[in-house]
Amino acid sequence: MGKGKQWRERLASRLEAGFAWLGYTFVNRWGAFERGYRRPFARAALRLRFAFYPLLVLVALGWLAWDWHHERNLAAAENAIFDQAIKLRPWEPEPSGRVVVVEIDDCSIEYYRRRGEGGWPWSRQRHADLLDALDRAGARAVGFDILFVEPSARDPIGDATLEAMAAGGQGRFLFGASRVHADFDAAPGAIPVAQAPGAFATTAPAARPGPRIALLLPYGEAMARNSALLDVARDTDGVLRDIPLRKPVGDWALPSLALRLAAHAEGRPLAAYPPVVRANWRAHTRLPGISAADLIEGRRICRAAAEPVPALADRVVLVGYNASGLNDAKPTPVDPLMPGVEIHAEAVEALLAHNAIWMPPAGFKYLLAALLVLVSGLTFWRGEPAWEIDQVFVAGNLTLVAVAFVGLTAFGVFFDIFAALGFVSLCFGLCRVYAATQRGRAVGNDDYRPQFDPDRDRWLALARLRFVPDPGLDPRALGRRIREYRRRLRGWLYRGTEATALEGVVEYKSWLWESLVDVTVLMWGGPDRATVAATAQRELRALREHLAGHDEVLPDDGSVRVASLISVAVAQDEPIAQTRARVCSVLGRLLASSDERALSAHDAFAADERADGSTDATPAAPSPSD
């Protein structure tokens with residue numbers, strides 16, 4: 001038992017030693033790696049100073065402007081985020097029931113094939129039977145997502161029946177048409193746009209008869225007159241999100257099938273609807289539907305007995321096929337293979353139920369990104385902001401994201417700002433990294449500036465700065481004033497000085513922090529007393545001029561007091577432990593010193609330590625110039 005315990009202790013000891021060596025080695029190697037890129041970055045920051053922030057803003061704004069006029073990558077990123085957001089929302093709107101889809105599915109085609117009528121395409125009479133069943137069921141309007149371009153050589157009676165029903169429907173029955181490529185607009189058969197089925201003016205007055213346009217129309221005169229476009233355009237990534245409702249041609253526009261159906265159902269003019277609509281795409285619920293065979297035969301053939309049959313009276317019905325091999329499928333945010341008839345039906349549902357997803361204008365995300373980039377650049381250009389700004393920035397972004405997600409889920413309103421916020425976060429992060437580089441050099445971080453060299457920095461000059469408010473300044477005003485003073489002081493340090501600022505070692509927002517928040521210690525190193533004193537005096541004068549240069553913008557409401565001394569940093573043949581003790585002792589005397597004067601009256605140090613370590617506490621007289 002004793003040997004086992006000793007063995008475990010030896011193993012634990014070796015593991016501890018190994019981890020200690022590994023940690024020490026990693027930190028040193030990693031520090032050397034960081035110095036390899038941080039020091040050049042710090043030298044570049046010393047040259048750029050605060051010009052980096054306006055340059056970053058100009059580059060960011062330039063990219064936003066270029067992207068808006070060219071690729072629109074920001075908008076494409078927003079579309080990809082929309083696809084995910086709409087599938088992740090916890091609930092989605094239920095169908096209104098005003099739109100029904102009649103599906104020519106595999107079951108319906110197989111049913112009539114077994115009856116000896118052949119497979120697809122169906123005879124025109126079968127389509128006429130389908131339309132007749134819808135008419136008898138009391139459908140308010142019917143739209144065919146099917147092209148009947150040429151008469152059927154095998155079924156002239158069916159052709160005549162469809163044409164007669166179109167003529168007697170008085171606009172209730174609409175048939176599909178298609179826009180031919182613009183290269184054919186000058187070919188024979190093209191018609192003036194003002195004479196196209198359903199064409200309506202988009203400007204007043206509209207030029208008549210307008211440019212010529214080539215269309216694929218149904219074969220019958222009444223069917224052609226009661227036709228509408230089936231064409232839909234996808235986004236650049238191939239996904240259909242916004243469904244076009246019109247095809248503009250000059251001063252005119254041709255309506256889509258969904259637009260003509262909705263306008264007929266609501267009795268509104270075609271021009272009263274928007275050019276495009278973003279349907280409230282549903283991933284878990286579908287619009288009511290019925291198989292074509294069930295409708296024609298008047299009994300359940302393709303649907304299960306437990307499946308409800310949708311009401312057709314006073315409904316808008318779209319007829320189309322979704323059978324395998326015939327499906328005019330298109331990718332949508334919720335379905336990579338959504339049948340075309342369902343897409344048209346979703347557009348009609350969005351118009352009739354008034355549940356289309358509302359989105360701000362396309363340029364909103366670009367303007368928001370530009371504004372936030374400007375604010376971020378201005379904030380850092382004024383001086384490194386407090387770390388609370390990061391929390392405010394993150395909280396603000398999360399709030400905007402939450403508002404966008406809740407708006408999409410509960411109200412059908414989607415603020416497409418996710419990618420814009422990501423772009424702004426990138427710019428904000430670059431600002432913070434650059435400010436961290438400026439700060440790292442100002443506080444003497446070895447990653448950003450050369451390390452302390454005992455052979456070179458044998459003397460130290462230290463100055464304690466303390467902001468003393470004017471009597472009667474209330475606590476809130478005092479807090480704001482100290483924050484502004486520290487911002488100005490950081491701005492001076494970040495512009496490039498030889499001073500090193502000693503940061504506080506007290507936890508932020510503790511009672512001791514409140515006592516030391518207005519105290520800053522600056523330190524200079526040099527090979528001899530005269531050099532280090534001259535350097536410190538020169539930079540303190542520069543600091544005085546820097547702070548005084550802002551008084552007209554923001555009054556001081558107080559004064560900056562200075563206590564200072566010069567000390568030997570490293571004595572001859574002194575071990576490092578004694579050097580550390582000496583520096584701590586000097587720093588302690590400086591912090592405890594009660595001999596201070598206004599920065600505006602300071603030109604010499606208040607105490608000098610001789611090379612042997614003794615101190616001459618006699619204050620040096622200020623120069624006659626002050």
# chains A, B, ... in the order shown; residues from 1 in each chain; ligands from 1
call {"tool": "residues_around", "arguments": {"residues": "Arg466 of chain A", "least_positions_apart": "3", "cutoff": "12 Å", "atoms": "only C-alpha atoms", "output": "ChimeraX atom specification"}}
result
/A:463,469,482,485-486,489,515-522,558-564,590-591,593-594,596-599
call {"tool": "write_last_selection", "arguments": {"atoms": "N, CA, C and O atoms", "output": "JSON list (two decimals), in the first residue's frame"}}
result
[["chain", "number", "residue", "atom", "x", "y", "z"],
["A", 463, "ALA", "N", 6.30, 59.71, -13.39],
["A", 463, "ALA", "CA", 5.39, 60.83, -13.11],
["A", 463, "ALA", "C", 4.01, 60.25, -12.78],
["A", 463, "ALA", "O", 3.49, 59.40, -13.51],
["A", 469, "PRO", "N", -10.79, 67.39, -9.43],
["A", 469, "PRO", "CA", -11.94, 68.16, -9.93],
["A", 469, "PRO", "C", -12.09, 69.47, -9.18],
["A", 469, "PRO", "O", -11.60, 69.65, -8.06],
["A", 482, "ILE", "N", -13.91, 62.47, -15.64],
["A", 482, "ILE", "CA", -12.75, 61.58, -15.50],
["A", 482, "ILE", "C", -12.64, 60.66, -16.71],
["A", 482, "ILE", "O", -11.55, 60.40, -17.23],
["A", 485, "TYR", "N", -11.22, 62.67, -19.49],
["A", 485, "TYR", "CA", -9.79, 62.93, -19.25],
["A", 485, "TYR", "C", -8.96, 61.71, -19.61],
["A", 485, "TYR", "O", -7.91, 61.81, -20.28],
["A", 486, "ARG", "N", -9.41, 60.53, -19.19],
["A", 486, "ARG", "CA", -8.66, 59.31, -19.50],
["A", 486, "ARG", "C", -8.68, 59.03, -21.00],
["A", 486, "ARG", "O", -7.70, 58.53, -21.57],
["A", 489, "LEU", "N", -6.08, 61.28, -22.44],
["A", 489, "LEU", "CA", -4.74, 60.81, -22.08],
["A", 489, "LEU", "C", -4.34, 59.60, -22.94],
["A", 489, "LEU", "O", -3.21, 59.52, -23.43],
["A", 515, "SER", "N", -11.06, 54.65, -6.19],
["A", 515, "SER", "CA", -10.05, 55.51, -5.58],
["A", 515, "SER", "C", -8.86, 55.75, -6.51],
["A", 515, "SER", "O", -8.17, 56.77, -6.38],
["A", 516, "LEU", "N", -8.61, 54.82, -7.43],
["A", 516, "LEU", "CA", -7.43, 54.92, -8.28],
["A", 516, "LEU", "C", -7.73, 55.20, -9.74],
["A", 516, "LEU", "O", -6.82, 55.27, -10.55],
["A", 517, "VAL", "N", -9.02, 55.36, -10.10],
["A", 517, "VAL", "CA", -9.39, 55.48, -11.49],
["A", 517, "VAL", "C", -8.80, 56.72, -12.14],
["A", 517, "VAL", "O", -8.56, 56.77, -13.34],
["A", 518, "ASP", "N", -8.55, 57.78, -11.34],
["A", 518, "ASP", "CA", -8.02, 59.02, -11.90],
["A", 518, "ASP", "C", -6.52, 59.13, -11.76],
["A", 518, "ASP", "O", -5.94, 60.21, -11.99],
["A", 519, "VAL", "N", -5.84, 58.03, -11.37],
["A", 519, "VAL", "CA", -4.39, 58.04, -11.17],
["A", 519, "VAL", "C", -3.73, 57.26, -12.31],
["A", 519, "VAL", "O", -4.12, 56.12, -12.59],
["A", 520, "THR", "N", -2.75, 57.87, -12.95],
["A", 520, "THR", "CA", -1.98, 57.21, -14.00],
["A", 520, "THR", "C", -0.51, 57.46, -13.74],
["A", 520, "THR", "O", -0.11, 58.57, -13.38],
["A", 521, "VAL", "N", 0.31, 56.43, -13.91],
["A", 521, "VAL", "CA", 1.76, 56.55, -13.74],
["A", 521, "VAL", "C", 2.42, 56.39, -15.10],
["A", 521, "VAL", "O", 2.16, 55.40, -15.81],
["A", 522, "LEU", "N", 3.26, 57.37, -15.47],
["A", 522, "LEU", "CA", 4.03, 57.31, -16.70],
["A", 522, "LEU", "C", 5.50, 57.08, -16.33],
["A", 522, "LEU", "O", 5.98, 57.61, -15.33],
["A", 558, "GLY", "N", -11.44, 71.05, -13.76],
["A", 558, "GLY", "CA", -10.48, 70.59, -12.77],
["A", 558, "GLY", "C", -9.08, 70.75, -13.31],
["A", 558, "GLY", "O", -8.86, 71.38, -14.35],
["A", 559, "SER", "N", -8.10, 70.20, -12.63],
["A", 559, "SER", "CA", -6.71, 70.31, -13.05],
["A", 559, "SER", "C", -6.04, 68.97, -12.92],
["A", 559, "SER", "O", -6.46, 68.09, -12.16],
["A", 560, "VAL", "N", -4.96, 68.79, -13.69],
["A", 560, "VAL", "CA", -4.16, 67.58, -13.63],
["A", 560, "VAL", "C", -2.94, 67.88, -12.76],
["A", 560, "VAL", "O", -2.17, 68.81, -13.04],
["A", 561, "ARG", "N", -2.77, 67.11, -11.71],
["A", 561, "ARG", "CA", -1.68, 67.29, -10.77],
["A", 561, "ARG", "C", -0.61, 66.23, -11.04],
["A", 561, "ARG", "O", -0.92, 65.09, -11.39],
["A", 562, "VAL", "N", 0.66, 66.64, -10.82],
["A", 562, "VAL", "CA", 1.79, 65.77, -11.13],
["A", 562, "VAL", "C", 2.69, 65.64, -9.92],
["A", 562, "VAL", "O", 3.00, 66.64, -9.26],
["A", 563, "ALA", "N", 3.10, 64.40, -9.63],
["A", 563, "ALA", "CA", 4.19, 64.12, -8.69],
["A", 563, "ALA", "C", 5.20, 63.28, -9.44],
["A", 563, "ALA", "O", 4.83, 62.39, -10.22],
["A", 564, "SER", "N", 6.50, 63.55, -9.26],
["A", 564, "SER", "CA", 7.49, 62.87, -10.09],
["A", 564, "SER", "C", 8.79, 62.68, -9.35],
["A", 564, "SER", "O", 9.07, 63.36, -8.35],
["A", 590, "LEU", "N", 6.47, 57.04, -5.05],
["A", 590, "LEU", "CA", 5.78, 57.97, -5.95],
["A", 590, "LEU", "C", 4.29, 58.01, -5.67],
["A", 590, "LEU", "O", 3.68, 59.08, -5.61],
["A", 591, "LEU", "N", 3.68, 56.83, -5.48],
["A", 591, "LEU", "CA", 2.24, 56.79, -5.23],
["A", 591, "LEU", "C", 1.89, 57.43, -3.88],
["A", 591, "LEU", "O", 0.81, 58.01, -3.73],
["A", 593, "SER", "N", 3.57, 59.90, -2.49],
["A", 593, "SER", "CA", 4.06, 61.28, -2.40],
["A", 593, "SER", "C", 2.91, 62.26, -2.31],
["A", 593, "SER", "O", 1.91, 62.15, -3.02],
["A", 594, "SER", "N", 3.06, 63.24, -1.42],
["A", 594, "SER", "CA", 2.08, 64.32, -1.31],
["A", 594, "SER", "C", 2.57, 65.60, -1.96],
["A", 594, "SER", "O", 1.88, 66.62, -1.95],
["A", 596, "GLU", "N", 2.92, 67.40, -4.99],
["A", 596, "GLU", "CA", 2.46, 67.43, -6.37],
["A", 596, "GLU", "C", 2.10, 68.87, -6.74],
["A", 596, "GLU", "O", 1.81, 69.71, -5.90],
["A", 597, "ARG", "N", 2.09, 69.14, -8.01],
["A", 597, "ARG", "CA", 1.75, 70.47, -8.50],
["A", 597, "ARG", "C", 0.96, 70.30, -9.79],
["A", 597, "ARG", "O", 0.88, 69.20, -10.35],
["A", 598, "ALA", "N", 0.40, 71.39, -10.27],
["A", 598, "ALA", "CA", -0.37, 71.33, -11.50],
["A", 598, "ALA", "C", 0.52, 71.01, -12.69],
["A", 598, "ALA", "O", 1.69, 71.43, -12.74],
["A", 599, "LEU", "N", -0.02, 70.26, -13.62],
["A", 599, "LEU", "CA", 0.74, 69.93, -14.83],
["A", 599, "LEU", "C", 1.19, 71.18, -15.56],
["A", 599, "LEU", "O", 2.28, 71.23, -16.13]]
call {"tool": "select_by_dssp", "arguments": {"residues": "segment 146-298 of chain A", "states": "strand (DSSP E)", "output": "NGL selection string"}}
result
:A and (173-179 or 191-192 or 200-201 or 212-213 or 215-216 or 227-229 or 242-244 or 246-249 or 252-255 or 276-278 or 289-291)
call {"tool": "select_by_dssp", "arguments": {"residues": "segment 90-164 of chain A", "states": "helix (DSSP H, G or I)", "output": "count of residues only"}}
result
34
call {"tool": "closest_residue", "arguments": {"among": "A:Ser13, A:Gln438, A:Ser324, A:Thr332", "to": "Asn79 of chain A", "atoms": "only C-alpha atoms"}}
result
A:Thr332
call {"tool": "residues_around", "arguments": {"residues": "segment 256-270 of chain A", "least_positions_apart": "6", "cutoff": "7 Å", "atoms": "only C-alpha atoms", "output": "number ranges by chain"}}
result
A: 140-141, 143, 176, 228-230, 245-246, 344, 347-348, 351-352
call {"tool": "residues_around", "arguments": {"residues": "Glu349 of chain A", "least_positions_apart": "3", "cutoff": "10 Å", "atoms": "only C-alpha atoms", "output": "PyMOL selection string"}}
result
chain A and resi 95-100+258+262+279-280+287+316+343-346+352-356
call {"tool": "closest_residue", "arguments": {"among": "A:Leu465, A:Val232, A:Leu295, A:Val586", "to": "Ala329 of chain A", "atoms": "only C-alpha atoms"}}
result
A:Val232
call {"tool": "residues_around", "arguments": {"residues": "segment 193-210 of chain A", "least_positions_apart": "5", "cutoff": "7 Å", "atoms": "only C-alpha atoms", "output": "PyMOL selection string"}}
result
chain A and resi 224-228+250-255+271
call {"tool": "atom_distance", "arguments": {"atom1": "atom CA of Val401 of chain A", "atom2": "atom CA of Phe415 of chain A"}}
result
8.5 Å
call {"tool": "closest_residue", "arguments": {"among": "A:Tyr112, A:Phe175, A:Tyr273, A:Tyr366", "to": "Ala65 of chain A", "atoms": "only C-alpha atoms"}}
result
A:Tyr366
call {"tool": "residues_around", "arguments": {"residues": "Tyr219 of chain A", "least_positions_apart": "2", "cutoff": "12 Å", "atoms": "only C-alpha atoms", "output": "list of chain:residue names"}}
result
A:Arg124, A:Leu147, A:Phe148, A:Val149, A:Glu150, A:Pro151, A:Ser152, A:Pro156, A:Asp159, A:Ala160, A:Leu162, A:Glu163, A:Ala166, A:Phe175, A:Gly176, A:Ala177, A:Leu215, A:Leu216, A:Leu217, A:Glu221, A:Ala222, A:Met223, A:Ala224, A:Arg225, A:Asn226, A:Ser227
call {"tool": "residues_around", "arguments": {"residues": "Val424 of chain A", "least_positions_apart": "4", "cutoff": "9 Å", "atoms": "only C-alpha atoms", "output": "PyMOL selection string"}}
result
chain A and resi 60+369-370+372-373+376+419-420+428-429
call {"tool": "write_last_selection", "arguments": {"atoms": "C-alpha atoms", "output": "CSV table (one decimal), in the first residue's frame"}}
result
chain,number,residue,atom,x,y,z
A,60,ALA,CA,-15.7,49.7,-45.8
A,369,ALA,CA,-24.1,48.9,-42.3
A,370,ALA,CA,-22.7,52.2,-43.5
A,372,LEU,CA,-22.8,51.6,-38.0
A,373,VAL,CA,-19.4,51.6,-39.6
A,376,SER,CA,-17.7,52.7,-34.9
A,419,ALA,CA,-25.1,39.8,-42.7
A,420,ALA,CA,-24.9,43.6,-42.3
A,428,PHE,CA,-15.6,46.9,-35.2
A,429,GLY,CA,-13.3,44.0,-34.4
call {"tool": "atom_distance", "arguments": {"atom1": "atom CA of Ala76 of chain A", "atom2": "atom CA of Ile357 of chain A"}}
result
17.4 Å
call {"tool": "atom_distance", "arguments": {"atom1": "atom CA of Ala350 of chain A", "atom2": "atom CA of Arg241 of chain A"}}
result
12.7 Å
call {"tool": "closest_residue", "arguments": {"among": "A:Ala548, A:Ala214, A:Ala461, A:Thr500", "to": "His181 of chain A", "atoms": "only C-alpha atoms"}}
result
A:Ala214
